[in-house]
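See below for query.txt, which holds compact mmCIF, C-alpha atoms.
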```
# COMPACT_ATOMS: atom_id res chain seq x y z
CA MET A 1 -53.09 32.22 192.05
CA ALA A 2 -51.09 34.82 193.78
CA CYS A 3 -49.13 37.32 191.92
CA ARG A 4 -45.76 35.84 191.09
CA SER A 5 -43.73 38.98 191.53
CA GLY A 6 -43.34 40.94 194.72
CA CYS A 7 -46.15 43.41 195.20
CA CYS A 8 -47.99 45.39 197.83
CA CYS A 9 -50.52 42.63 198.45
CA GLY A 10 -48.27 40.95 200.95
CA SER A 11 -48.17 37.63 199.13
CA GLY A 12 -44.66 36.39 198.47
CA PRO A 13 -43.32 35.71 195.00
CA ILE A 14 -44.16 32.33 193.46
CA ASN A 15 -41.76 30.97 190.88
CA GLU A 16 -43.43 29.48 187.84
CA ASP A 17 -41.43 26.27 188.16
CA ASN A 18 -42.60 25.89 191.75
CA ALA A 19 -46.19 26.61 190.74
CA ARG A 20 -45.95 23.95 188.03
CA PHE A 21 -44.46 21.50 190.53
CA LEU A 22 -47.24 22.13 193.06
CA LEU A 23 -49.89 21.83 190.39
CA LEU A 24 -48.43 18.53 189.20
CA ALA A 25 -48.22 17.23 192.77
CA LEU A 26 -51.87 18.17 193.30
CA PHE A 27 -52.81 16.43 190.06
CA ILE A 28 -50.95 13.25 191.07
CA ILE A 29 -52.63 13.20 194.49
CA ILE A 30 -56.08 13.59 192.93
CA TYR A 31 -55.16 10.97 190.31
CA LEU A 32 -54.12 8.53 193.06
CA LEU A 33 -57.32 9.13 195.02
CA CYS A 34 -59.47 8.55 191.94
CA GLY A 35 -57.52 5.42 191.02
CA ALA A 36 -57.83 4.04 194.55
CA ALA A 37 -61.59 4.63 194.49
CA VAL A 38 -62.02 2.90 191.13
CA PHE A 39 -59.87 -0.13 191.99
CA SER A 40 -61.48 -0.45 195.40
CA ALA A 41 -64.94 -0.51 193.82
CA LEU A 42 -63.86 -3.05 191.20
CA GLU A 43 -61.65 -5.42 193.18
CA GLN A 44 -62.93 -5.37 196.77
CA PRO A 45 -66.01 -7.58 196.12
CA LYS A 46 -63.77 -10.15 194.41
CA GLU A 47 -61.39 -10.09 197.38
CA ARG A 48 -64.22 -10.72 199.86
CA GLU A 49 -65.54 -13.54 197.74
CA ALA A 50 -62.10 -15.16 197.57
CA LYS A 51 -61.64 -14.89 201.35
CA GLU A 52 -65.01 -16.53 202.01
CA ARG A 53 -64.29 -19.31 199.52
CA TRP A 54 -60.86 -19.94 201.04
CA ALA A 55 -62.28 -20.07 204.58
CA GLN A 56 -64.81 -22.72 203.46
CA ARG A 57 -62.16 -24.81 201.70
CA PHE A 58 -59.81 -24.52 204.68
CA GLU A 59 -62.50 -25.73 207.06
CA GLN A 60 -63.56 -28.59 204.77
CA PHE A 61 -59.96 -29.76 204.27
CA SER A 62 -59.14 -29.70 207.99
CA GLN A 63 -62.29 -31.71 208.82
CA LYS A 64 -61.78 -34.19 205.99
CA TYR A 65 -58.22 -35.10 206.98
CA ASN A 66 -58.68 -34.51 210.72
CA LEU A 67 -56.06 -31.76 210.91
CA SER A 68 -55.99 -29.02 213.46
CA ARG A 69 -56.07 -25.45 212.27
CA ARG A 70 -52.66 -24.81 213.81
CA ASP A 71 -50.95 -27.71 212.00
CA LEU A 72 -52.49 -26.72 208.69
CA ASN A 73 -51.42 -23.10 209.10
CA ASN A 74 -47.86 -24.19 209.86
CA PHE A 75 -47.80 -26.35 206.74
CA LEU A 76 -49.05 -23.45 204.63
CA ARG A 77 -46.33 -21.20 206.06
CA HIS A 78 -43.72 -23.73 205.02
CA TYR A 79 -45.17 -23.74 201.53
CA GLU A 80 -45.02 -19.94 201.40
CA GLU A 81 -41.32 -20.10 202.23
CA ALA A 82 -40.80 -22.66 199.47
CA ASN A 83 -42.80 -20.49 197.11
CA VAL A 84 -40.45 -17.57 197.73
CA ALA A 85 -37.50 -19.84 196.91
CA GLY A 86 -39.10 -20.72 193.56
CA ILE A 87 -40.85 -23.98 194.39
CA ARG A 88 -44.19 -24.41 192.63
CA VAL A 89 -46.78 -27.16 192.40
CA ASP A 90 -46.29 -27.44 188.63
CA ALA A 91 -42.85 -28.16 187.20
CA ILE A 92 -41.09 -24.97 186.17
CA ARG A 93 -37.67 -24.09 184.82
CA PRO A 94 -34.76 -23.89 187.26
CA ARG A 95 -34.52 -20.44 188.77
CA TRP A 96 -30.78 -20.15 189.34
CA ASP A 97 -29.13 -21.92 186.44
CA PHE A 98 -27.41 -19.58 183.99
CA THR A 99 -30.49 -18.96 181.80
CA GLY A 100 -32.72 -18.44 184.84
CA ALA A 101 -30.19 -16.09 186.42
CA PHE A 102 -29.89 -14.18 183.14
CA TYR A 103 -33.68 -13.74 183.10
CA PHE A 104 -33.50 -12.50 186.69
CA VAL A 105 -30.77 -9.89 186.07
CA GLY A 106 -32.75 -8.73 183.02
CA THR A 107 -35.74 -8.00 185.25
CA VAL A 108 -33.41 -6.22 187.70
CA VAL A 109 -31.66 -3.81 185.34
CA SER A 110 -34.88 -3.08 183.44
CA THR A 111 -36.59 -2.31 186.80
CA ILE A 112 -39.42 -4.72 185.93
CA GLY A 113 -38.85 -6.87 189.01
CA PHE A 114 -41.52 -9.54 188.58
CA GLY A 115 -40.72 -10.95 192.03
CA MET A 116 -40.98 -14.63 191.11
CA THR A 117 -37.22 -14.97 191.72
CA THR A 118 -35.45 -13.23 194.58
CA PRO A 119 -32.03 -13.83 196.16
CA ALA A 120 -32.21 -15.84 199.37
CA THR A 121 -28.58 -15.65 200.53
CA ILE A 122 -26.94 -12.70 202.27
CA GLY A 123 -24.26 -12.55 199.60
CA GLY A 124 -26.86 -12.45 196.84
CA LYS A 125 -28.78 -9.63 198.50
CA VAL A 126 -25.65 -7.54 199.06
CA PHE A 127 -24.43 -8.13 195.52
CA LEU A 128 -27.87 -7.15 194.16
CA MET A 129 -27.63 -3.71 195.79
CA PHE A 130 -24.42 -2.82 193.96
CA TYR A 131 -25.30 -4.68 190.77
CA GLY A 132 -28.69 -2.97 190.45
CA LEU A 133 -27.24 0.46 191.18
CA LEU A 134 -24.98 0.39 188.13
CA GLY A 135 -27.22 -1.76 185.95
CA CYS A 136 -30.37 0.33 186.40
CA ALA A 137 -28.46 3.56 185.71
CA ALA A 138 -26.93 2.11 182.53
CA THR A 139 -30.29 0.80 181.35
CA ILE A 140 -32.00 4.15 181.90
CA LEU A 141 -29.22 5.78 179.89
CA PHE A 142 -29.81 3.20 177.15
CA PHE A 143 -33.52 4.03 177.12
CA ASN A 144 -32.73 7.76 176.83
CA LEU A 145 -30.35 7.17 173.92
CA PHE A 146 -32.97 4.94 172.31
CA LEU A 147 -35.51 7.75 172.65
CA GLU A 148 -33.12 10.22 170.98
CA ARG A 149 -32.65 7.92 168.02
CA VAL A 150 -36.34 7.18 167.70
CA ILE A 151 -37.15 10.90 167.65
CA THR A 152 -34.37 11.43 165.09
CA ILE A 153 -35.82 8.75 162.80
CA ILE A 154 -39.33 10.13 163.21
CA ALA A 155 -38.03 13.64 162.49
CA VAL A 156 -36.36 12.43 159.28
CA VAL A 157 -39.57 10.77 158.09
CA LEU A 158 -41.78 13.74 159.01
CA LYS A 159 -39.36 16.18 157.42
CA SER A 160 -39.30 14.26 154.15
CA CYS A 161 -43.09 14.12 154.13
CA HIS A 162 -43.22 17.85 154.92
CA GLU A 163 -40.85 18.73 152.08
CA ARG A 164 -42.69 16.47 149.65
CA ARG A 165 -46.04 18.00 150.57
CA HIS A 166 -44.74 21.56 150.19
CA SER A 167 -43.04 20.76 146.90
CA LYS A 168 -46.41 19.73 145.51
CA ILE A 169 -48.27 22.75 146.90
CA GLU A 170 -45.80 25.51 146.08
CA LEU A 171 -45.59 25.26 142.30
CA PRO A 172 -43.51 27.98 140.59
CA GLN A 173 -45.54 30.47 138.61
CA ASN A 174 -42.84 31.57 136.15
CA GLY A 175 -39.21 31.07 135.36
CA ARG A 176 -38.08 33.47 138.07
CA GLY A 177 -40.35 31.82 140.58
CA ALA A 178 -39.04 28.47 139.45
CA SER A 179 -35.42 29.49 139.98
CA GLU A 180 -36.21 31.02 143.35
CA GLY A 181 -38.18 27.93 144.33
CA THR A 182 -35.28 25.73 143.27
CA ARG A 183 -32.85 27.75 145.36
CA ALA A 184 -35.22 27.77 148.32
CA GLY A 185 -35.91 24.08 147.97
CA GLY A 186 -32.24 23.28 147.72
CA GLY A 187 -31.54 25.35 150.81
CA GLY A 188 -34.40 23.68 152.64
CA ARG A 189 -33.13 20.23 151.72
CA GLY A 190 -29.65 21.24 152.75
CA GLU A 191 -30.76 22.35 156.17
CA ASP A 192 -29.55 20.35 159.09
CA LEU A 193 -31.96 18.07 160.93
CA ALA A 194 -31.71 20.37 163.95
CA GLY A 195 -33.84 22.94 162.16
CA TRP A 196 -36.82 20.59 161.81
CA LYS A 197 -39.16 20.40 164.77
CA PRO A 198 -41.69 17.55 164.67
CA SER A 199 -45.01 17.94 166.42
CA VAL A 200 -45.12 16.32 169.84
CA TYR A 201 -48.58 14.97 169.04
CA CYS A 202 -47.36 13.28 165.87
CA VAL A 203 -44.47 11.70 167.76
CA MET A 204 -46.84 10.58 170.53
CA LEU A 205 -49.19 9.08 167.94
CA ILE A 206 -46.38 7.20 166.20
CA LEU A 207 -44.90 5.88 169.44
CA GLY A 208 -48.36 4.88 170.66
CA ALA A 209 -49.02 2.99 167.43
CA ALA A 210 -45.63 1.27 167.70
CA ALA A 211 -46.31 0.25 171.32
CA ILE A 212 -49.75 -1.10 170.40
CA LEU A 213 -48.31 -3.04 167.46
CA VAL A 214 -45.56 -4.61 169.58
CA SER A 215 -48.07 -5.44 172.36
CA CYS A 216 -50.53 -7.06 169.95
CA CYS A 217 -47.83 -9.19 168.29
CA ALA A 218 -46.39 -10.20 171.66
CA SER A 219 -49.87 -11.07 172.96
CA LEU A 220 -50.38 -13.46 170.06
CA MET A 221 -47.16 -15.25 170.99
CA TYR A 222 -47.95 -15.35 174.71
CA SER A 223 -51.52 -16.56 174.28
CA ALA A 224 -50.31 -19.39 172.01
CA ALA A 225 -47.31 -20.42 174.13
CA GLU A 226 -48.54 -19.78 177.69
CA GLY A 227 -52.21 -20.62 177.19
CA TRP A 228 -53.36 -17.23 178.43
CA GLY A 229 -56.34 -15.39 177.09
CA TYR A 230 -55.60 -12.61 174.63
CA LEU A 231 -56.80 -9.91 177.03
CA ASP A 232 -54.67 -11.39 179.80
CA SER A 233 -51.71 -11.37 177.42
CA LEU A 234 -52.29 -7.68 176.65
CA TYR A 235 -52.47 -7.02 180.39
CA PHE A 236 -49.16 -8.81 180.90
CA CYS A 237 -47.56 -6.84 178.05
CA PHE A 238 -48.49 -3.51 179.59
CA VAL A 239 -47.40 -4.56 183.08
CA ALA A 240 -44.08 -5.85 181.77
CA PHE A 241 -43.36 -3.18 179.16
CA SER A 242 -44.13 -0.35 181.59
CA THR A 243 -41.77 -2.01 184.13
CA ILE A 244 -44.55 -2.27 186.72
CA GLY A 245 -43.94 -6.01 187.03
CA PHE A 246 -46.59 -7.29 189.44
CA GLY A 247 -45.44 -10.89 189.06
CA ASP A 248 -48.92 -12.41 188.94
CA MET A 249 -48.24 -13.43 185.33
CA VAL A 250 -44.68 -14.17 184.21
CA SER A 251 -43.65 -15.44 180.81
CA SER A 252 -41.13 -18.14 179.91
CA GLN A 253 -41.27 -20.00 183.23
CA ARG A 254 -41.97 -23.55 182.11
CA ALA A 255 -39.13 -25.98 181.70
CA VAL A 256 -40.32 -27.14 178.27
CA TYR A 257 -43.05 -25.79 176.01
CA GLU A 258 -44.80 -28.61 174.21
CA GLY A 259 -45.49 -27.97 170.57
CA HIS A 260 -43.29 -24.87 170.56
CA ALA A 261 -39.57 -24.40 170.11
CA THR A 262 -38.50 -23.50 173.64
CA VAL A 263 -35.32 -21.67 172.62
CA ALA A 264 -37.10 -19.70 169.88
CA TYR A 265 -39.88 -18.74 172.29
CA ARG A 266 -37.45 -17.50 174.92
CA LEU A 267 -35.55 -15.46 172.33
CA GLY A 268 -38.85 -14.01 171.13
CA ASN A 269 -39.83 -13.24 174.72
CA PHE A 270 -36.52 -11.39 175.25
CA PHE A 271 -36.95 -9.44 172.00
CA PHE A 272 -40.54 -8.38 172.70
CA ILE A 273 -39.83 -7.33 176.29
CA LEU A 274 -36.79 -5.28 175.23
CA THR A 275 -38.63 -3.64 172.32
CA GLY A 276 -41.79 -3.06 174.34
CA VAL A 277 -39.97 -1.49 177.28
CA CYS A 278 -38.12 0.88 174.94
CA CYS A 279 -41.34 1.88 173.16
CA ILE A 280 -43.35 2.40 176.34
CA TYR A 281 -40.51 4.34 178.00
CA SER A 282 -40.27 6.62 174.97
CA LEU A 283 -44.05 7.03 174.95
CA PHE A 284 -44.06 7.95 178.64
CA ASN A 285 -41.44 10.65 178.02
CA VAL A 286 -43.44 12.18 175.18
CA ILE A 287 -46.66 12.05 177.21
CA SER A 288 -44.85 13.87 180.02
CA ILE A 289 -44.13 16.68 177.53
CA VAL A 290 -47.84 16.90 176.74
CA ILE A 291 -48.67 16.93 180.46
CA LYS A 292 -46.22 19.78 180.98
CA GLN A 293 -47.89 21.73 178.17
CA VAL A 294 -51.26 21.20 179.84
CA LEU A 295 -49.81 22.43 183.14
CA ASN A 296 -48.45 25.52 181.40
CA TRP A 297 -51.89 26.16 179.91
CA LEU A 298 -53.51 25.79 183.33
CA LEU A 299 -50.99 28.18 184.86
CA ARG A 300 -51.80 30.79 182.24
CA ARG A 301 -55.52 30.35 182.92
CA LEU A 302 -55.10 30.51 186.69
CA GLU A 303 -52.74 33.45 186.63
CA ALA A 304 -54.41 36.56 188.10
CA PRO A 305 -52.06 39.54 188.55
CA CYS A 306 -52.84 42.07 191.22
CA ARG A 307 -54.94 44.83 189.70
CA CYS A 308 -53.79 47.28 192.37
CA CYS A 309 -50.24 46.84 191.15
CA PHE A 310 -51.02 46.31 187.47
CA PRO A 311 -54.14 48.25 186.47
CA ARG A 312 -53.98 46.84 182.98
CA ARG A 313 -52.59 43.42 182.32
CA GLY A 314 -49.25 43.31 180.58
CA HIS A 315 -48.51 47.08 180.74
CA HIS A 316 -46.30 47.39 183.79
CA PRO A 317 -43.02 49.02 182.84
CA HIS A 318 -40.97 47.40 185.61
CA ARG A 319 -42.33 43.90 185.32
CA HIS A 320 -39.66 41.52 184.12
CA PRO A 321 -40.47 38.24 182.42
CA ARG A 322 -40.33 35.25 184.71
CA ARG A 323 -38.32 32.18 184.15
CA ASN A 324 -39.87 29.87 181.54
CA VAL A 325 -42.67 32.35 181.01
CA VAL A 326 -44.56 31.94 177.76
CA ALA A 327 -44.24 35.19 175.86
CA PRO A 328 -43.71 36.20 172.25
CA GLY A 329 -40.16 35.76 171.11
CA HIS A 330 -39.59 39.43 170.22
CA LEU A 331 -40.55 40.48 173.79
CA ARG A 332 -37.84 38.39 175.39
CA ALA A 333 -34.68 40.22 176.35
CA ARG A 334 -31.76 38.21 175.08
CA ARG A 335 -29.12 37.72 177.71
CA ASP A 336 -25.38 37.79 177.24
CA PRO A 337 -24.25 34.56 175.58
CA SER A 338 -22.42 32.18 177.88
CA ILE A 339 -22.08 28.47 178.41
CA GLU A 340 -25.12 28.55 180.68
CA THR A 341 -27.39 30.75 178.57
CA ASP A 342 -26.49 30.73 174.88
CA ALA A 343 -28.26 27.49 174.02
CA ILE A 344 -31.24 28.34 176.20
CA ASN A 345 -31.73 31.67 174.46
CA GLU A 346 -31.38 29.98 171.11
CA SER A 347 -34.05 27.44 171.91
CA GLU A 348 -36.46 29.76 173.72
CA THR A 349 -36.89 32.29 170.94
CA ASP A 350 -39.30 30.13 169.01
CA THR A 351 -42.16 30.32 171.48
CA GLY A 352 -44.83 29.83 168.86
CA ARG A 353 -43.49 26.37 168.23
CA ARG A 354 -43.95 25.44 171.91
CA MET A 355 -47.45 26.89 171.91
CA SER A 356 -48.44 24.89 168.82
CA GLY A 357 -47.37 21.62 170.40
CA GLU A 358 -44.12 21.04 168.51
CA MET A 359 -41.20 19.31 170.12
CA ILE A 360 -37.82 20.89 170.57
CA SER A 361 -35.33 20.13 167.85
CA MET A 362 -32.51 17.67 168.35
CA ARG A 363 -30.06 20.57 168.54
CA ASP A 364 -32.08 22.24 171.28
CA PHE A 365 -32.57 18.94 173.08
CA LEU A 366 -28.86 18.16 173.21
CA ALA A 367 -27.94 21.77 173.97
CA ALA A 368 -30.45 21.91 176.82
CA ASN A 369 -28.94 18.79 178.37
CA LYS A 370 -25.46 20.30 178.07
CA VAL A 371 -26.64 23.57 179.57
CA ASN A 372 -28.42 21.83 182.46
CA LEU A 373 -25.25 19.91 183.30
CA ALA A 374 -23.16 23.07 183.15
CA ILE A 375 -25.57 24.99 185.37
CA MET A 376 -25.70 22.15 187.87
CA GLN A 377 -21.90 21.98 187.97
CA LYS A 378 -21.64 25.74 188.48
CA GLN A 379 -24.26 25.80 191.25
CA LEU A 380 -22.78 22.85 193.09
CA SER A 381 -19.25 24.23 192.86
CA GLU A 382 -20.33 27.64 194.15
CA MET A 383 -22.22 25.97 196.98
CA ALA A 384 -19.16 23.95 197.89
CA ILE A 385 -16.72 26.88 197.96
CA GLY A 386 -19.22 29.25 199.55
CA HIS A 387 -18.99 32.05 196.97
CA PRO A 388 -19.35 32.47 193.21
CA ARG A 389 -16.37 31.05 191.38
CA GLN A 390 -14.46 33.59 189.31
CA PRO A 391 -13.53 32.49 185.82
CA SER A 392 -9.86 31.80 185.45
CA SER A 393 -7.89 30.73 182.48
CA SER A 394 -5.42 28.88 184.65
CA SER A 395 -8.04 26.34 185.60
CA HIS A 396 -8.15 25.23 182.00
CA GLN A 397 -4.41 24.89 181.88
CA ASN A 398 -3.84 22.72 184.91
CA GLY A 399 -6.11 19.90 183.68
CA PHE A 400 -8.43 19.86 186.67
CA SER A 401 -11.42 21.74 185.23
CA GLY A 402 -14.57 20.04 183.98
CA GLY A 403 -16.93 17.44 185.32
CA VAL A 404 -20.46 17.49 186.63
CA GLY A 405 -21.86 17.30 190.14
CA ALA A 406 -19.55 15.89 192.80
CA LEU A 407 -16.82 15.29 190.22
CA GLY A 408 -17.04 18.92 189.13
CA ILE A 409 -16.72 20.11 192.73
CA MET A 410 -13.67 17.92 193.25
CA ASN A 411 -12.07 19.13 190.02
CA ASN A 412 -12.69 22.77 190.91
CA ARG A 413 -11.17 22.20 194.36
CA LEU A 414 -8.09 20.63 192.79
CA ALA A 415 -7.88 23.48 190.29
CA GLU A 416 -8.02 26.11 193.05
CA THR A 417 -5.39 24.38 195.17
CA SER A 418 -3.11 23.99 192.18
CA VAL A 419 -3.45 27.70 191.37
CA ASP A 420 -2.70 28.62 194.99
CA ARG A 421 0.48 26.62 194.88
```

Entire entry expressed as structure tokens:
Amino acid sequence: MACRSGCCCGSGPINEDNARFLLLALFIIIYLLCGAAVFSALEQPKEREAKERWAQRFEQFSQKYNLSRRDLNNFLRHYEEANVAGIRVDAIRPRWDFTGAFYFVGTVVSTIGFGMTTPATIGGKVFLMFYGLLGCAATILFFNLFLERVITIIAVVLKSCHERRHSKIELPQNGRGASEGTRAGGGGRGEDLAGWKPSVYCVMLILGAAAILVSCCASLMYSAAEGWGYLDSLYFCFVAFSTIGFGDMVSSQRAVYEGHATVAYRLGNFFFILTGVCCIYSLFNVISIVIKQVLNWLLRRLEAPCRCCFPRRGHHPHRHPRRNVVAPGHLRARRDPSIETDAINESETDTGRRMSGEMISMRDFLAANKVNLAIMQKQLSEMAIGHPRQPSSSSHQNGFSGGVGALGIMNNRLAETSVDR
């Protein structure tokens, strides 16, 4: 890679965030190409076989009942239209009664979108645009809050196990050691949860085990109620829980389930889909943290500073640390505390934790979100007014300050106009 700070080589500066973004984009492109090659090799022969079999059946049916190819194609087009409206050969549950509509809006706000039910009227399509906009945003927020609470619970369990393990290892040697150990242990137990940082790999392992457990239990229910094979049920669980929602297999679509309590099965279906989506969403977020750590490792391996500018690596007196650079905590220059930087500095000092694969603490996680919102508000407001906004105490007195994004820009505008008046 090119040197990321301006130098005499002529190559422009490359921000580490941009380098990580480009590396991730390259990885996704390669991942898509590999996936396309694998699926093409696996599924294309089956597709050709199905087309040949359908052509033979089509020809045999048209000859048997003396139908022209044009009439038969028109009839099949009519059936495709009925299929979109929810008409099937086998009897299924009504699509647009209250329970069917509730199932539909559940697939909308969870972004699963099986596709077996779609609005056919203009009013329904227009209402779906506004309904999905608010519903999907609220559901994503629910998933994020669910993830916070799951990590908090996991942190409590891991912290208790950590304290119990250390209490068995660190036995006091004498009375003084015992008193010091008691004081240290009491202080450790009195520490806030924010000080404990669980390993991202432990959290990923626990969430993966939870997702597998929920999928296996749900597959048992689906294979018994729907008549699917167990592997097909596992496939459906992943497609539904990950909100991919192909629609080739959809649960709870029969009007009545013989030998099973229909209401109990539909409640169980709702519970498993909700729990599975939350678990898989949380697992995806934790895996993304691991992917980012791998990208950081690759960036460090690919980094090659210019030897003409830096004869020896890491000994240039004027080289400043880049943003998000991985460096020992004592080498980082701590900036002046402010609403944009105080929490970032507090969370970035423990670099060894990030290198060892530990997650940020709950305090750092919440503070980082608050800082990101504040930075975004400041940048957007400065962009709107065309120059950096000077801090003013009057803006806090007139009641117009605060807000994020467009709301923050509007509030700052109102604050400035009120001050001018």

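The smallest atom-to-atom distance between Gly208 in chain A and any of A:Leu299, A:Cys278, A:Phe104, A:Glu52, using all atoms listed in the file, is found for A:Cys278.
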
**OP:** Quick one: residues within 9 Å of (-46.3, -17.5, 175.2) (file frame), counting all atoms listed in the file, please, as a ChimeraX atom specification.
**Re:** /A:218-228,233,251-252,257,265-266,269

Subject >> Proximity to Val109 in chain A - best of A:Val294, A:Leu274, A:Val150, A:Ala50, all atoms listed in the file >> reply: A:Leu274

Original post:
What is the distance, in Å and to one decimal place, between CA of Phe114 in chain A and CA of Val250 in chain A?
Top reply: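 Between these atoms lies a distance of 7.1 Å.
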
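Comparing the minimum interatomic distances between Arg254 in chain A and each of A:Cys202, A:Val89, A:Leu147, A:Val126, counting only C-alpha atoms, we find that A:Val89 sits nearest.
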
Original post:
Hey, can you check how far CA of Ile29 in chain A sits from CA of Thr111 in chain A?
Top reply: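 Computing it gives 23.6 Å between the two atoms.
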
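Within 10 Å of Val286 in chain A, once all atoms listed in the file are used and residues closer than 5 positions along the same chain are dropped, the contacting residues are A:Leu147, A:Ile151, A:Val200, A:Tyr201, A:Val203, A:Met204, A:Leu205, A:Leu207, A:Gly208, A:Ile280, A:Tyr281, A:Ile291, A:Lys292, A:Met359.
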
Subject >> Distance of CA of Phe246 in chain A from CA of Gly115 in chain A, expressed in Å to one decimal place >> reply: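 A separation of 7.4 Å between them.
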
Original post:
Which residue, A:Phe146, A:Phe58, A:Tyr103, A:Phe27, has the smallest gap to Leu76 in chain A when you use only C-alpha atoms?
Top reply: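 Residue with the minimum atom-to-atom distance to Leu76 in chain A: A:Phe58.
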
Original post:
Which one is closest to Thr139 in chain A: A:Gly113, A:Pro198, A:Gly124, A:Gly106? Count all atoms listed in the file.
Top reply: A:Gly106

**OP:** Between A:Leu283, A:Ala264, A:Ala120, A:Ala255, single out the one closest to Ser242 in chain A, counting all atoms listed in the file.
**Re:**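 Nearest to Ser242 in chain A: A:Leu283.
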
Subject >> Point (-49.6, -2.2, 168.4) neighbourhood (12 Å, only C-alpha atoms) written as an MDAnalysis selection string >> reply: chainID A and resid 205:220 234 237:238 272 275:276 279:280

Kindly compute an axis-aligned box around the listed atoms of range 65-72 of chain A, allowing 3 Å on each side, and express its centre and edge lengths in Å to one decimal as lines of an AutoDock Vina configuration file.
```
center_x = -54.8
center_y = -30.0
center_z = 210.4
size_x = 13.7
size_y = 16.3
size_z = 12.8
```
